[in-house]
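Here the structure comes first, spelled out in structure tokens, and everything after it is commentary.
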Amino acid sequence: MFHVYTEKSNTDFSRTHVGDFSDFEEAMDAAEKSIENKPELHYIVEETDGSFDSYGELLKQVVAKSN
């Protein structure tokens, strides 16, 4: 599963959830469209396989991030 977010200033507090996707290409298309014509935003795509750590937090890995 891929989770797509937009962010304004590299902080978790400004993250906006764009959507969840099962296909990487769909996730990337949504990520690129979400920041189109918005130079103040960048996107983050995280992947998860549904595993949790010992604290019950979902394990995520950033697979793509715009500059």
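Ordered as shown in the structure tokens, chains take letters A, B, and onward, while each chain numbers its residues from 1 and ligands are numbered from 1 in the order shown.
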From a DSSP calculation on the backbone, collect every residue of chain A in strand (DSSP E) and output the set as a PDB file with N, CA and C atoms, in the first residue's frame.
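To be explicit, this is the file written out as part-v2.pdb:
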```pdb
ATOM      1  N   PHE A   2       0.527   2.193  -0.795  1.00  0.00           N
ATOM      2  CA  PHE A   2       1.270   3.445  -0.896  1.00  0.00           C
ATOM      3  C   PHE A   2       0.397   4.579  -0.372  1.00  0.00           C
ATOM      4  N   HIS A   3       0.954   5.416   0.481  1.00  0.00           N
ATOM      5  CA  HIS A   3       0.266   6.560   1.057  1.00  0.00           C
ATOM      6  C   HIS A   3       0.909   7.825   0.492  1.00  0.00           C
ATOM      7  N   VAL A   4       0.090   8.740  -0.008  1.00  0.00           N
ATOM      8  CA  VAL A   4       0.583   9.971  -0.625  1.00  0.00           C
ATOM      9  C   VAL A   4       0.187  11.157   0.251  1.00  0.00           C
ATOM     10  N   TYR A   5       1.167  12.027   0.504  1.00  0.00           N
ATOM     11  CA  TYR A   5       0.958  13.231   1.315  1.00  0.00           C
ATOM     12  C   TYR A   5       1.555  14.437   0.588  1.00  0.00           C
ATOM     13  N   THR A   6       1.009  15.620   0.862  1.00  0.00           N
ATOM     14  CA  THR A   6       1.665  16.860   0.471  1.00  0.00           C
ATOM     15  C   THR A   6       2.128  17.537   1.753  1.00  0.00           C
ATOM     16  N   GLU A   7       3.145  18.385   1.608  1.00  0.00           N
ATOM     17  CA  GLU A   7       3.744  19.033   2.763  1.00  0.00           C
ATOM     18  C   GLU A   7       4.195  20.430   2.365  1.00  0.00           C
ATOM     19  N   THR A  16      -0.720  16.867   4.495  1.00  0.00           N
ATOM     20  CA  THR A  16      -2.094  16.643   4.090  1.00  0.00           C
ATOM     21  C   THR A  16      -2.147  15.315   3.358  1.00  0.00           C
ATOM     22  N   HIS A  17      -3.045  14.437   3.786  1.00  0.00           N
ATOM     23  CA  HIS A  17      -3.187  13.121   3.165  1.00  0.00           C
ATOM     24  C   HIS A  17      -3.909  13.280   1.835  1.00  0.00           C
ATOM     25  N   VAL A  18      -3.293  12.792   0.757  1.00  0.00           N
ATOM     26  CA  VAL A  18      -3.885  12.875  -0.575  1.00  0.00           C
ATOM     27  C   VAL A  18      -4.687  11.616  -0.874  1.00  0.00           C
ATOM     28  N   GLY A  19      -4.118  10.438  -0.551  1.00  0.00           N
ATOM     29  CA  GLY A  19      -4.829   9.191  -0.817  1.00  0.00           C
ATOM     30  C   GLY A  19      -3.962   7.975  -0.580  1.00  0.00           C
ATOM     31  N   ASP A  20      -4.608   6.809  -0.637  1.00  0.00           N
ATOM     32  CA  ASP A  20      -3.941   5.515  -0.501  1.00  0.00           C
ATOM     33  C   ASP A  20      -4.106   4.763  -1.811  1.00  0.00           C
ATOM     34  N   PHE A  21      -3.032   4.123  -2.263  1.00  0.00           N
ATOM     35  CA  PHE A  21      -3.037   3.459  -3.559  1.00  0.00           C
ATOM     36  C   PHE A  21      -2.345   2.110  -3.453  1.00  0.00           C
ATOM     37  N   HIS A  42       5.406  20.134  -1.697  1.00  0.00           N
ATOM     38  CA  HIS A  42       6.082  18.981  -2.267  1.00  0.00           C
ATOM     39  C   HIS A  42       5.371  17.729  -1.765  1.00  0.00           C
ATOM     40  N   TYR A  43       5.618  16.604  -2.450  1.00  0.00           N
ATOM     41  CA  TYR A  43       4.915  15.377  -2.085  1.00  0.00           C
ATOM     42  C   TYR A  43       5.841  14.374  -1.420  1.00  0.00           C
ATOM     43  N   ILE A  44       5.220  13.451  -0.705  1.00  0.00           N
ATOM     44  CA  ILE A  44       5.909  12.334  -0.071  1.00  0.00           C
ATOM     45  C   ILE A  44       5.071  11.094  -0.342  1.00  0.00           C
ATOM     46  N   VAL A  45       5.718  10.031  -0.816  1.00  0.00           N
ATOM     47  CA  VAL A  45       5.045   8.756  -1.028  1.00  0.00           C
ATOM     48  C   VAL A  45       5.693   7.746  -0.088  1.00  0.00           C
ATOM     49  N   GLU A  46       4.858   7.152   0.769  1.00  0.00           N
ATOM     50  CA  GLU A  46       5.346   6.150   1.722  1.00  0.00           C
ATOM     51  C   GLU A  46       4.728   4.800   1.383  1.00  0.00           C
ATOM     52  N   GLU A  47       5.509   3.741   1.610  1.00  0.00           N
ATOM     53  CA  GLU A  47       5.026   2.384   1.370  1.00  0.00           C
ATOM     54  C   GLU A  47       4.934   1.637   2.689  1.00  0.00           C
ATOM     55  N   GLN A  61       7.921   3.307   4.929  1.00  0.00           N
ATOM     56  CA  GLN A  61       9.198   3.656   4.309  1.00  0.00           C
ATOM     57  C   GLN A  61       8.928   4.659   3.187  1.00  0.00           C
ATOM     58  N   VAL A  62       9.678   5.759   3.189  1.00  0.00           N
ATOM     59  CA  VAL A  62       9.529   6.757   2.129  1.00  0.00           C
ATOM     60  C   VAL A  62      10.162   6.203   0.859  1.00  0.00           C
ATOM     61  N   VAL A  63       9.370   6.128  -0.211  1.00  0.00           N
ATOM     62  CA  VAL A  63       9.865   5.596  -1.478  1.00  0.00           C
ATOM     63  C   VAL A  63      10.032   6.680  -2.533  1.00  0.00           C
ATOM     64  N   ALA A  64       9.413   7.850  -2.322  1.00  0.00           N
ATOM     65  CA  ALA A  64       9.574   8.966  -3.256  1.00  0.00           C
ATOM     66  C   ALA A  64       9.274  10.259  -2.521  1.00  0.00           C
ATOM     67  N   LYS A  65      10.033  11.290  -2.889  1.00  0.00           N
ATOM     68  CA  LYS A  65       9.840  12.600  -2.278  1.00  0.00           C
ATOM     69  C   LYS A  65      10.300  13.660  -3.281  1.00  0.00           C
TER      70      LYS A  65
END
```
key: CA of Asn67 (chain A) to CA of Phe52 (chain A), distance in Å rounded to a single decimal   = 28.6 Å
ask   = Near Lys8 (chain A), counting only C-alpha atoms, which residues have an atom at most 10 Å away, once you skip same-chain residues fewer than 4 positions from it, shown as a list in words?
value = Asp12, Phe13, Ser14, Arg15, Thr16, Lys38, Pro39, Glu40, Leu41, His42 and Tyr43 of chain A
note = Correct to one decimal, the distance CA of Thr48 (chain A)-CA of Ser22 (chain A) is 10.1 Å
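With only C-alpha atoms as the basis for measurement, A:Met1 is the residue among A:Leu59, A:Met1, A:Asn37, A:Ser51 that approaches Glu25 (chain A) most closely.
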